[in-house]
$ cat query_18.cif   # mmCIF, C-alpha atoms
data_coords
#
loop_
_atom_site.label_atom_id
_atom_site.label_comp_id
_atom_site.auth_asym_id
_atom_site.auth_seq_id
_atom_site.Cartn_x
_atom_site.Cartn_y
_atom_site.Cartn_z
CA MET A 1407 0.00 0.00 0.00
CA LYS A 1408 1.28 3.45 -0.91
CA ILE A 1409 0.16 6.99 -0.09
CA THR A 1410 -1.13 8.70 -3.23
CA GLY A 1411 -1.95 12.20 -2.04
CA LEU A 1412 -3.53 14.64 0.40
CA GLU A 1413 -6.61 16.85 0.36
CA LEU A 1414 -7.29 19.73 2.71
CA PHE A 1415 -10.65 21.13 3.80
CA VAL A 1416 -11.08 24.42 5.67
CA VAL A 1417 -14.46 24.00 7.36
CA PRO A 1418 -16.52 26.07 9.79
CA PRO A 1419 -16.55 26.98 12.55
CA ARG A 1420 -12.72 27.15 12.68
CA TRP A 1421 -11.23 23.80 11.68
CA LEU A 1422 -8.95 22.25 9.05
CA PHE A 1423 -9.24 18.61 8.01
CA VAL A 1424 -6.76 16.56 5.97
CA LYS A 1425 -7.62 13.42 4.01
CA VAL A 1426 -4.73 11.07 3.20
CA SER A 1427 -5.47 8.64 0.35
CA THR A 1428 -3.82 5.36 -0.64
CA ASP A 1429 -3.66 3.19 -3.75
CA ALA A 1430 -5.61 0.50 -1.86
CA GLY A 1431 -8.64 2.74 -1.49
CA LEU A 1432 -8.21 3.22 2.26
CA VAL A 1433 -8.19 6.81 3.50
CA GLY A 1434 -7.30 8.42 6.79
CA TRP A 1435 -8.45 11.68 8.31
CA GLY A 1436 -6.60 14.16 10.50
CA GLU A 1437 -7.17 17.61 11.95
CA PRO A 1438 -4.04 19.79 11.54
CA ILE A 1439 -5.33 23.14 12.75
CA VAL A 1440 -3.87 26.14 14.55
CA GLU A 1441 -6.87 28.20 15.56
CA GLY A 1442 -6.67 31.52 13.72
CA HIS A 1443 -3.98 30.26 11.32
CA ALA A 1444 -5.81 27.73 9.14
CA SER A 1445 -4.27 28.96 5.88
CA ALA A 1446 -0.71 28.90 7.21
CA THR A 1447 -1.17 25.40 8.62
CA ALA A 1448 -2.72 24.15 5.38
CA GLU A 1449 0.27 25.43 3.43
CA ALA A 1450 2.64 23.69 5.85
CA VAL A 1451 0.78 20.41 5.24
CA ARG A 1452 1.04 20.92 1.48
CA GLU A 1453 4.80 21.44 1.80
CA MET A 1454 5.06 18.05 3.52
CA GLU A 1455 3.12 16.17 0.82
CA SER A 1456 6.24 15.38 -1.22
CA TYR A 1457 7.66 13.46 1.76
CA LEU A 1458 4.51 11.31 1.90
CA VAL A 1459 3.51 10.34 -1.64
CA GLY A 1460 4.79 6.87 -2.44
CA ARG A 1461 5.43 5.96 1.19
CA ASP A 1462 3.91 2.95 2.96
CA PRO A 1463 1.45 4.48 5.48
CA ASN A 1464 2.33 1.71 7.95
CA GLN A 1465 5.69 3.40 8.59
CA ILE A 1466 4.19 5.99 10.93
CA GLU A 1467 7.23 6.51 13.17
CA ASP A 1468 9.70 6.82 10.31
CA ILE A 1469 7.42 9.25 8.47
CA TRP A 1470 7.09 11.29 11.67
CA GLN A 1471 10.86 11.41 12.05
CA VAL A 1472 11.29 12.53 8.44
CA LEU A 1473 8.68 15.28 8.77
CA TYR A 1474 10.22 16.53 12.03
CA ARG A 1475 13.97 15.90 11.71
CA GLY A 1476 14.22 16.08 7.93
CA SER A 1477 13.81 19.85 8.12
CA PHE A 1478 16.59 22.08 9.47
CA TYR A 1479 13.95 24.35 11.08
CA ARG A 1480 11.49 22.49 13.24
CA GLY A 1481 8.98 22.82 16.05
CA GLY A 1482 6.45 25.54 16.78
CA PRO A 1483 2.68 25.60 16.37
CA ILE A 1484 2.42 25.60 12.56
CA LEU A 1485 4.88 22.85 11.68
CA MET A 1486 3.95 20.60 14.62
CA SER A 1487 0.23 20.97 13.90
CA ALA A 1488 0.83 20.04 10.27
CA ILE A 1489 2.69 16.91 11.40
CA ALA A 1490 -0.07 16.21 13.95
CA GLY A 1491 -2.85 16.06 11.38
CA ILE A 1492 -0.84 13.82 9.08
CA ASP A 1493 0.07 11.54 11.98
CA GLN A 1494 -3.60 11.21 13.01
CA ALA A 1495 -4.52 10.27 9.44
CA LEU A 1496 -1.80 7.63 9.22
CA TRP A 1497 -2.99 6.01 12.45
CA ASP A 1498 -6.53 6.09 11.05
CA ILE A 1499 -5.34 4.22 7.94
CA LYS A 1500 -3.42 1.68 10.01
CA GLY A 1501 -6.44 0.89 12.14
CA LYS A 1502 -8.67 0.50 9.11
CA ARG A 1503 -6.07 -1.69 7.38
CA TYR A 1504 -6.02 -4.15 10.28
CA THR A 1505 -9.63 -3.54 11.44
CA LEU A 1506 -8.62 -2.43 14.94
CA PRO A 1507 -9.08 0.76 16.96
CA VAL A 1508 -5.86 2.75 17.24
CA TYR A 1509 -5.58 2.17 21.00
CA GLU A 1510 -5.04 -1.53 20.34
CA PHE A 1511 -1.75 -0.64 18.61
CA LEU A 1512 -0.74 1.43 21.64
CA GLY A 1513 -0.85 -1.49 24.05
CA GLY A 1514 -4.60 -1.86 24.43
CA ALA A 1515 -7.14 -0.20 26.68
CA VAL A 1516 -6.13 0.55 30.27
CA ARG A 1517 -9.60 1.77 31.29
CA ASP A 1518 -13.23 0.82 30.90
CA LYS A 1519 -14.39 4.39 30.34
CA LEU A 1520 -12.96 7.88 29.92
CA ARG A 1521 -14.09 10.89 31.93
CA VAL A 1522 -14.79 14.05 29.93
CA TYR A 1523 -15.55 17.64 30.91
CA SER A 1524 -17.57 20.41 29.33
CA TRP A 1525 -16.99 24.14 28.88
CA ILE A 1526 -19.22 26.78 30.47
CA GLY A 1527 -19.37 30.56 30.44
CA GLY A 1528 -17.69 31.57 27.19
CA ASP A 1529 -14.78 33.96 26.59
CA ARG A 1530 -16.32 36.60 28.83
CA PRO A 1531 -17.65 34.37 31.58
CA SER A 1532 -21.31 34.93 32.41
CA ASP A 1533 -24.21 32.79 33.65
CA ALA A 1534 -21.61 30.21 34.60
CA ALA A 1535 -23.62 28.83 37.52
CA ALA A 1536 -26.70 28.15 35.41
CA SER A 1537 -24.55 26.54 32.69
CA ALA A 1538 -22.77 24.36 35.24
CA ARG A 1539 -26.09 23.20 36.65
CA GLU A 1540 -27.26 22.27 33.14
CA LYS A 1541 -24.09 20.26 32.49
CA LYS A 1542 -24.53 18.42 35.77
CA GLU A 1543 -28.11 17.56 34.81
CA LEU A 1544 -26.75 16.17 31.50
CA GLY A 1545 -24.55 13.80 33.50
CA PHE A 1546 -21.20 15.57 33.37
CA THR A 1547 -19.09 15.38 36.51
CA ALA A 1548 -16.75 18.28 35.68
CA VAL A 1549 -16.71 21.62 33.87
CA LYS A 1550 -14.18 24.26 32.92
CA MET A 1551 -14.65 28.02 32.86
CA ASN A 1552 -12.55 31.04 32.01
CA ALA A 1553 -11.41 33.02 35.04
CA SER A 1554 -11.32 36.59 33.85
CA GLU A 1555 -11.72 39.08 31.06
CA GLU A 1556 -8.93 41.62 30.40
CA MET A 1557 -6.41 41.91 33.19
CA HIS A 1558 -3.35 44.17 33.37
CA TYR A 1559 0.00 43.21 34.92
CA ILE A 1560 -1.23 44.78 38.14
CA ASP A 1561 -4.97 45.23 38.37
CA SER A 1562 -7.75 46.00 40.81
CA PHE A 1563 -8.95 43.60 43.47
CA ALA A 1564 -12.45 44.23 42.17
CA LYS A 1565 -11.60 42.01 39.21
CA VAL A 1566 -10.35 39.35 41.60
CA ASP A 1567 -13.64 39.61 43.49
CA ASP A 1568 -15.52 39.11 40.21
CA ILE A 1569 -13.65 35.85 39.63
CA LEU A 1570 -14.29 34.63 43.17
CA THR A 1571 -17.98 35.51 42.91
CA ARG A 1572 -18.39 33.52 39.68
CA VAL A 1573 -16.50 30.50 40.98
CA ALA A 1574 -18.42 30.58 44.25
CA ALA A 1575 -21.70 30.61 42.32
CA VAL A 1576 -20.63 27.59 40.28
CA ARG A 1577 -19.51 25.68 43.36
CA GLU A 1578 -22.83 26.40 45.05
CA ALA A 1579 -24.74 25.31 41.94
CA VAL A 1580 -23.01 21.94 41.51
CA GLY A 1581 -22.04 20.99 45.06
CA SER A 1582 -18.76 19.86 46.55
CA ASP A 1583 -18.41 16.52 44.74
CA PHE A 1584 -18.04 18.01 41.26
CA GLY A 1585 -14.94 18.99 39.28
CA ILE A 1586 -14.40 22.66 38.49
CA ALA A 1587 -11.41 23.81 36.46
CA VAL A 1588 -10.64 27.51 36.14
CA ASP A 1589 -8.73 28.54 33.02
CA PHE A 1590 -6.54 31.63 33.43
CA HIS A 1591 -5.99 31.28 29.64
CA GLY A 1592 -2.62 33.00 29.92
CA ARG A 1593 -4.55 36.26 30.33
CA ILE A 1594 -3.22 36.85 33.81
CA HIS A 1595 0.34 37.92 34.55
CA LYS A 1596 2.45 36.59 37.43
CA PRO A 1597 1.71 39.37 39.98
CA MET A 1598 -2.06 38.85 39.75
CA ALA A 1599 -1.86 35.08 39.13
CA LYS A 1600 -0.32 34.61 42.58
CA VAL A 1601 -3.15 36.54 44.20
CA ILE A 1602 -5.92 34.77 42.30
CA ALA A 1603 -4.47 31.28 42.75
CA LYS A 1604 -4.30 31.81 46.51
CA GLU A 1605 -7.82 33.25 46.74
CA LEU A 1606 -9.28 30.33 44.75
CA ASP A 1607 -7.91 27.67 47.12
CA PRO A 1608 -11.04 27.45 49.32
CA PHE A 1609 -13.16 26.29 46.34
CA HIS A 1610 -11.22 23.01 46.04
CA LEU A 1611 -10.85 23.22 42.28
CA MET A 1612 -9.98 20.30 40.03
CA PHE A 1613 -7.17 22.45 38.59
CA ILE A 1614 -6.19 25.94 37.50
CA GLU A 1615 -5.08 26.12 33.87
CA GLU A 1616 -2.38 28.24 32.24
CA PRO A 1617 -2.01 30.56 35.24
CA VAL A 1618 0.64 32.27 33.10
CA LEU A 1619 1.65 31.94 29.46
CA SER A 1620 3.81 28.91 28.70
CA GLU A 1621 6.73 31.19 27.77
CA ASN A 1622 6.64 32.29 31.41
CA ASN A 1623 6.63 28.81 32.92
CA GLU A 1624 9.40 29.78 35.33
CA ALA A 1625 6.71 31.77 37.19
CA LEU A 1626 4.96 28.51 38.12
CA ARG A 1627 7.59 28.02 40.82
CA GLU A 1628 6.32 31.10 42.67
CA ILE A 1629 2.62 30.52 41.91
CA ALA A 1630 2.85 26.95 43.23
CA HIS A 1631 3.94 28.33 46.59
CA HIS A 1632 0.70 30.30 46.86
CA THR A 1633 -1.78 27.48 46.21
CA SER A 1634 -2.55 23.84 46.94
CA THR A 1635 -4.70 23.59 43.78
CA PRO A 1636 -3.22 21.40 41.01
CA ILE A 1637 -1.62 23.48 38.24
CA ALA A 1638 -2.21 22.54 34.60
CA THR A 1639 -0.53 23.87 31.45
CA GLY A 1640 0.80 22.79 28.08
CA GLU A 1641 -1.72 23.56 25.33
CA ARG A 1642 0.81 25.98 23.78
CA MET A 1643 3.73 23.55 23.95
CA PHE A 1644 4.40 21.45 20.89
CA SER A 1645 6.85 18.60 21.46
CA ARG A 1646 8.48 16.47 24.14
CA PHE A 1647 11.43 18.85 23.91
CA ASP A 1648 9.19 21.75 24.95
CA PHE A 1649 7.84 19.76 27.90
CA LYS A 1650 11.24 18.54 29.11
CA LYS A 1651 12.18 21.51 31.31
CA LEU A 1652 8.61 21.98 32.55
CA LEU A 1653 8.59 18.43 33.90
CA GLN A 1654 12.10 18.67 35.28
CA ASP A 1655 11.25 21.84 37.22
CA GLY A 1656 8.47 19.98 39.04
CA TYR A 1657 5.89 22.75 39.47
CA VAL A 1658 3.18 21.37 37.17
CA ASP A 1659 0.67 18.72 38.21
CA ILE A 1660 -1.23 18.21 34.95
CA ILE A 1661 0.02 18.65 31.39
CA GLN A 1662 -2.35 19.44 28.54
CA PRO A 1663 -0.73 18.68 25.18
CA ASP A 1664 -3.05 19.08 22.20
CA LEU A 1665 -3.03 16.15 19.77
CA SER A 1666 -3.66 18.54 16.86
CA HIS A 1667 -0.74 20.79 17.87
CA ALA A 1668 1.84 18.60 19.60
CA GLY A 1669 2.81 16.24 16.80
CA GLY A 1670 -0.26 14.01 16.83
CA ILE A 1671 -0.86 10.68 18.53
CA SER A 1672 2.76 9.55 18.14
CA GLU A 1673 4.35 12.54 19.87
CA THR A 1674 1.70 13.11 22.52
CA ARG A 1675 1.95 9.49 23.58
CA LYS A 1676 5.67 10.07 24.23
CA ILE A 1677 4.96 13.29 26.11
CA ALA A 1678 2.47 11.45 28.32
CA ALA A 1679 5.04 8.75 29.05
CA MET A 1680 7.55 11.43 30.07
CA ALA A 1681 4.93 12.94 32.38
CA GLU A 1682 4.24 9.56 33.97
CA ALA A 1683 7.93 9.32 34.92
CA TYR A 1684 7.51 12.62 36.84
CA ASP A 1685 4.21 11.52 38.48
CA VAL A 1686 2.31 14.12 36.45
CA ALA A 1687 -1.23 13.62 35.12
CA VAL A 1688 -2.42 14.30 31.56
CA ALA A 1689 -5.62 16.04 30.44
CA PRO A 1690 -5.31 16.57 26.68
CA HIS A 1691 -6.39 19.94 25.32
CA CYS A 1692 -9.13 19.69 22.68
CA PRO A 1693 -11.53 22.58 22.02
CA LEU A 1694 -11.53 21.46 18.37
CA GLY A 1695 -13.41 19.24 15.94
CA PRO A 1696 -14.41 15.59 15.76
CA ILE A 1697 -11.20 14.20 14.28
CA ALA A 1698 -9.07 15.84 16.95
CA LEU A 1699 -11.34 14.50 19.67
CA ALA A 1700 -11.35 11.02 18.16
CA ALA A 1701 -7.54 11.02 18.16
CA CYS A 1702 -7.53 12.09 21.82
CA VAL A 1703 -9.93 9.35 22.84
CA GLN A 1704 -7.80 6.70 21.14
CA MET A 1705 -4.64 7.81 22.92
CA ASP A 1706 -6.45 8.30 26.23
CA MET A 1707 -7.78 4.75 26.23
CA ALA A 1708 -4.23 3.40 26.26
CA THR A 1709 -2.59 6.00 28.53
CA PRO A 1710 -2.79 5.37 32.28
CA ASN A 1711 -1.97 8.89 33.54
CA VAL A 1712 -4.75 10.54 31.52
CA PHE A 1713 -7.48 11.39 34.03
CA ILE A 1714 -9.94 13.50 32.02
CA GLN A 1715 -10.49 14.70 28.46
CA GLU A 1716 -11.59 18.11 27.21
CA GLN A 1717 -14.29 18.00 24.52
CA SER A 1718 -15.90 20.77 22.52
CA LEU A 1719 -19.54 19.79 22.08
CA GLY A 1720 -21.50 23.00 22.59
CA ILE A 1721 -18.39 25.11 23.25
CA HIS A 1722 -18.79 28.85 22.65
CA TYR A 1723 -16.54 28.75 19.56
CA ASN A 1724 -18.83 26.35 17.68
CA ARG A 1725 -21.17 28.85 16.08
CA GLY A 1726 -23.09 27.56 13.08
CA ASN A 1727 -21.48 24.10 13.14
CA ASP A 1728 -20.63 21.65 15.90
CA LEU A 1729 -18.39 18.62 15.92
CA LEU A 1730 -21.17 16.04 15.47
CA ASP A 1731 -22.27 17.68 12.21
CA TYR A 1732 -19.30 16.16 10.37
CA LEU A 1733 -19.88 12.55 11.42
CA VAL A 1734 -21.97 9.85 9.76
CA ASP A 1735 -22.72 8.37 13.19
CA PRO A 1736 -22.62 10.98 15.97
CA THR A 1737 -23.37 8.36 18.65
CA VAL A 1738 -19.65 7.48 18.80
CA PHE A 1739 -19.33 10.45 21.16
CA ALA A 1740 -22.34 9.56 23.29
CA TYR A 1741 -21.49 10.63 26.83
CA LYS A 1742 -22.97 8.58 29.66
CA GLN A 1743 -22.81 10.12 33.14
CA GLY A 1744 -19.82 12.19 32.09
CA PHE A 1745 -17.87 9.32 30.51
CA VAL A 1746 -17.28 7.95 27.02
CA LEU A 1747 -16.79 4.23 26.34
CA PRO A 1748 -13.88 2.78 24.34
CA PRO A 1749 -14.56 3.11 20.60
CA GLN A 1750 -15.00 -0.20 18.79
CA ALA A 1751 -14.76 0.89 15.14
CA PRO A 1752 -11.35 0.62 13.43
CA GLY A 1753 -8.89 3.47 13.08
CA LEU A 1754 -9.87 6.64 14.89
CA GLY A 1755 -13.30 5.12 15.48
CA ILE A 1756 -15.31 7.66 13.47
CA GLU A 1757 -16.70 7.87 9.96
CA VAL A 1758 -16.30 11.34 8.50
CA ASN A 1759 -19.25 12.56 6.45
CA GLU A 1760 -17.18 13.45 3.40
CA PRO A 1761 -19.97 14.92 1.25
CA TYR A 1762 -20.87 17.26 4.11
CA VAL A 1763 -17.20 18.18 4.61
CA ARG A 1764 -16.88 19.07 0.92
CA GLU A 1765 -20.05 21.14 1.02
CA GLN A 1766 -18.96 23.05 4.11
CA ALA A 1767 -15.48 23.61 2.69
CA LYS A 1768 -17.12 25.81 0.05
CA ARG A 1769 -18.06 28.14 2.91
CA ALA A 1770 -14.66 27.78 4.60
CA HIS A 1771 -13.85 30.29 7.39
CA ASP A 1772 -11.37 32.96 8.36
CA TRP A 1773 -11.69 32.64 12.13
CA LYS A 1774 -9.51 34.92 14.23
CA ASN A 1775 -9.47 35.33 17.98
CA PRO A 1776 -10.50 38.77 19.26
CA VAL A 1777 -7.91 41.42 20.07
CA TRP A 1778 -8.43 42.74 23.59
CA ARG A 1779 -7.19 45.95 25.18
CA ASN A 1780 -6.92 47.13 28.75
CA ASP A 1781 -8.62 50.29 29.97
CA ASP A 1782 -5.48 52.29 29.21
CA GLY A 1783 -5.38 51.12 25.60
CA THR A 1784 -2.54 48.59 25.95
CA ILE A 1785 -2.93 45.17 24.41
CA ALA A 1786 -4.36 42.57 26.78
CA GLU A 1787 -3.87 38.81 26.48
CA TRP A 1788 -6.90 37.01 25.08
#

$ encode --input "query_18.cif" --output "structure tokens"
Amino acid sequence: MKITGLELFVVPPRWLFVKVSTDAGLVGWGEPIVEGHASATAEAVREMESYLVGRDPNQIEDIWQVLYRGSFYRGGPILMSAIAGIDQALWDIKGKRYTLPVYEFLGGAVRDKLRVYSWIGGDRPSDAAASAREKKELGFTAVKMNASEEMHYIDSFAKVDDILTRVAAVREAVGSDFGIAVDFHGRIHKPMAKVIAKELDPFHLMFIEEPVLSENNEALREIAHHTSTPIATGERMFSRFDFKKLLQDGYVDIIQPDLSHAGGISETRKIAAMAEAYDVAVAPHCPLGPIALAACVQMDMATPNVFIQEQSLGIHYNRGNDLLDYLVDPTVFAYKQGFVLPPQAPGLGIEVNEPYVREQAKRAHDWKNPVWRNDDGTIAEW
């Protein structure tokens, strides 16, 4: 079997899909997207096509090494996301070729079910308590919410009070035996992150996420001294080499590599194994589409230190289209009491609705994240 070519589909609300075809008629699907940079990522995938055509798709590791190490310049969100989507598609082909789910090639399932969490509140968090209550009624056992809106390097305690008020309302709405994660989203700088992390301790959160930007990971040392809440980060880190120092420093409790950004199933599996050696948990980042989520679920099923999975059904970004729209059988992501069962279908375990993908690709998208400013006109982190 040989790879014959790639096709790319920019589809709403903000995703990019790749289809890898073979001369045996088997195809694999991947999701190589950097949110807000779909065109750049698509071009990076196209540049890699010449390394793929004519190759045996079974040789996933060697192809990964060629795509990563065969280039003098490597790493970063665009190139690693391009590799990620291709890697997902190759695993999809392999599973279909041998009629097995991908997790069976990764050592087999280590769990009977996988816990998932749901987003509430949106970019500018509001009505979070009511949303959390709704998610609990749907059977979820955990939610995640943004902490703040714009926040300067040093800002008013009134904004801190706003965060505490929202989190308190959510905790009251869902009770004590329910997971709440608060995402700082890298919006908050070290001076305020220390304050907020400390003030959030009484709510017994599941974790705080990206208390500072990943380029400021050295600040986690100081933040960790102000809180007993588990600290999570890693969605903007793209290879095991990026995670190496973070794990060595020892101030992170949960890493959140994204299987559409961090080199795909192959690389994220290695990152998770590194984390296990440092007694660190994994909660893969995935506010994306159905192929990305399917890839996460496959890796999660075979990875013992994964404890929960982000999923994007109903997330505030999914305007006009949601992840189930692109599947022939949306029941593969049927959540039962906040868990998903091991997929049984081969490959990534989903069947992409290709006619619908092609139709939606005519609409495409040019999604960009908003640009925020502080009260004084300076740029704020989104």

$ residues_around --input "query_18.cif" --residues "Lys1600 (chain A)" --least-positions-apart "6" --cutoff "9 Å" --atoms "only C-alpha atoms" --output "ChimeraX atom specification"
/A:1617,1628-1633

$ residues_near_point --input "query_18.cif" --point "(-2.1, 3.9, 31.1)" --cutoff "10 Å" --atoms "only C-alpha atoms" --output "PyMOL selection string"
chain A and resi 1512-1517+1678-1679+1682+1705-1713

$ resolve_selection --input "query_18.cif" --expression "the PyMOL selection byres ((chain A and resi 1743) around 7)" --output "ChimeraX atom specification"
/A:1545-1546,1741-1742,1744-1745

$ resolve_selection --input "query_18.cif" --expression "the PyMOL selection byres ((chain A and resi 1592) around 12)" --output "number ranges by chain"
A: 1552-1559, 1588-1591, 1593-1596, 1598-1599, 1614-1623, 1625, 1638-1642, 1786-1788

$ resolve_selection --input "query_18.cif" --expression "the PyMOL selection byres ((chain A and resi 1429) around 9)" --output "list in words"
Met1407, Lys1408, Ile1409, Thr1410, Ser1427, Thr1428, Ala1430, Gly1431 and Leu1432 of chain A

$ closest_residue --input "query_18.cif" --among "A:Ala1495, A:Leu1485, A:Ala1770, A:Ala1564" --to "Gly1434 (chain A)" --atoms "only C-alpha atoms"
A:Ala1495

$ closest_residue --input "query_18.cif" --among "A:Ser1532, A:Pro1597, A:Glu1765, A:Ala1574" --to "Ile1560 (chain A)" --atoms "only C-alpha atoms"
A:Pro1597

$ closest_residue --input "query_18.cif" --among "A:Phe1739, A:Trp1778, A:Phe1584, A:Phe1649" --to "Phe1609 (chain A)" --atoms "only C-alpha atoms"
A:Phe1584

$ atom_distance --input "query_18.cif" --atom1 "CA of Arg1452 (chain A)" --atom2 "CA of Leu1412 (chain A)"
7.8 Å

$ atom_distance --input "query_18.cif" --atom1 "CA of Ser1582 (chain A)" --atom2 "CA of Val1703 (chain A)"
27.4 Å

$ atom_distance --input "query_18.cif" --atom1 "CA of Ala1681 (chain A)" --atom2 "CA of Asp1655 (chain A)"
11.9 Å

$ closest_residue --input "query_18.cif" --among "A:Pro1636, A:Met1612, A:Met1680, A:Pro1696" --to "Asp1648 (chain A)" --atoms "only C-alpha atoms"
A:Met1680

$ closest_residue --input "query_18.cif" --among "A:Ile1714, A:Ala1534, A:Ala1701, A:Leu1570" --to "Asp1664 (chain A)" --atoms "only C-alpha atoms"
A:Ala1701

$ closest_residue --input "query_18.cif" --among "A:His1771, A:Arg1530, A:His1667, A:His1722" --to "Ala1698 (chain A)" --atoms "only C-alpha atoms"
A:His1667

$ decode --input "query_18.cif" --residues "region 1439-1450 of chain A" --atoms "C-alpha atoms" --output "PDB file, in the first residue's frame"
ATOM      1  CA  ILE A1439      -5.325  23.141  12.750  1.00  0.00           C
ATOM      2  CA  VAL A1440      -3.870  26.138  14.548  1.00  0.00           C
ATOM      3  CA  GLU A1441      -6.872  28.198  15.561  1.00  0.00           C
ATOM      4  CA  GLY A1442      -6.668  31.518  13.723  1.00  0.00           C
ATOM      5  CA  HIS A1443      -3.981  30.258  11.316  1.00  0.00           C
ATOM      6  CA  ALA A1444      -5.808  27.729   9.142  1.00  0.00           C
ATOM      7  CA  SER A1445      -4.270  28.959   5.884  1.00  0.00           C
ATOM      8  CA  ALA A1446      -0.707  28.901   7.210  1.00  0.00           C
ATOM      9  CA  THR A1447      -1.174  25.404   8.622  1.00  0.00           C
ATOM     10  CA  ALA A1448      -2.722  24.152   5.380  1.00  0.00           C
ATOM     11  CA  GLU A1449       0.271  25.432   3.432  1.00  0.00           C
ATOM     12  CA  ALA A1450       2.639  23.685   5.848  1.00  0.00           C
TER      13      ALA A1450
END
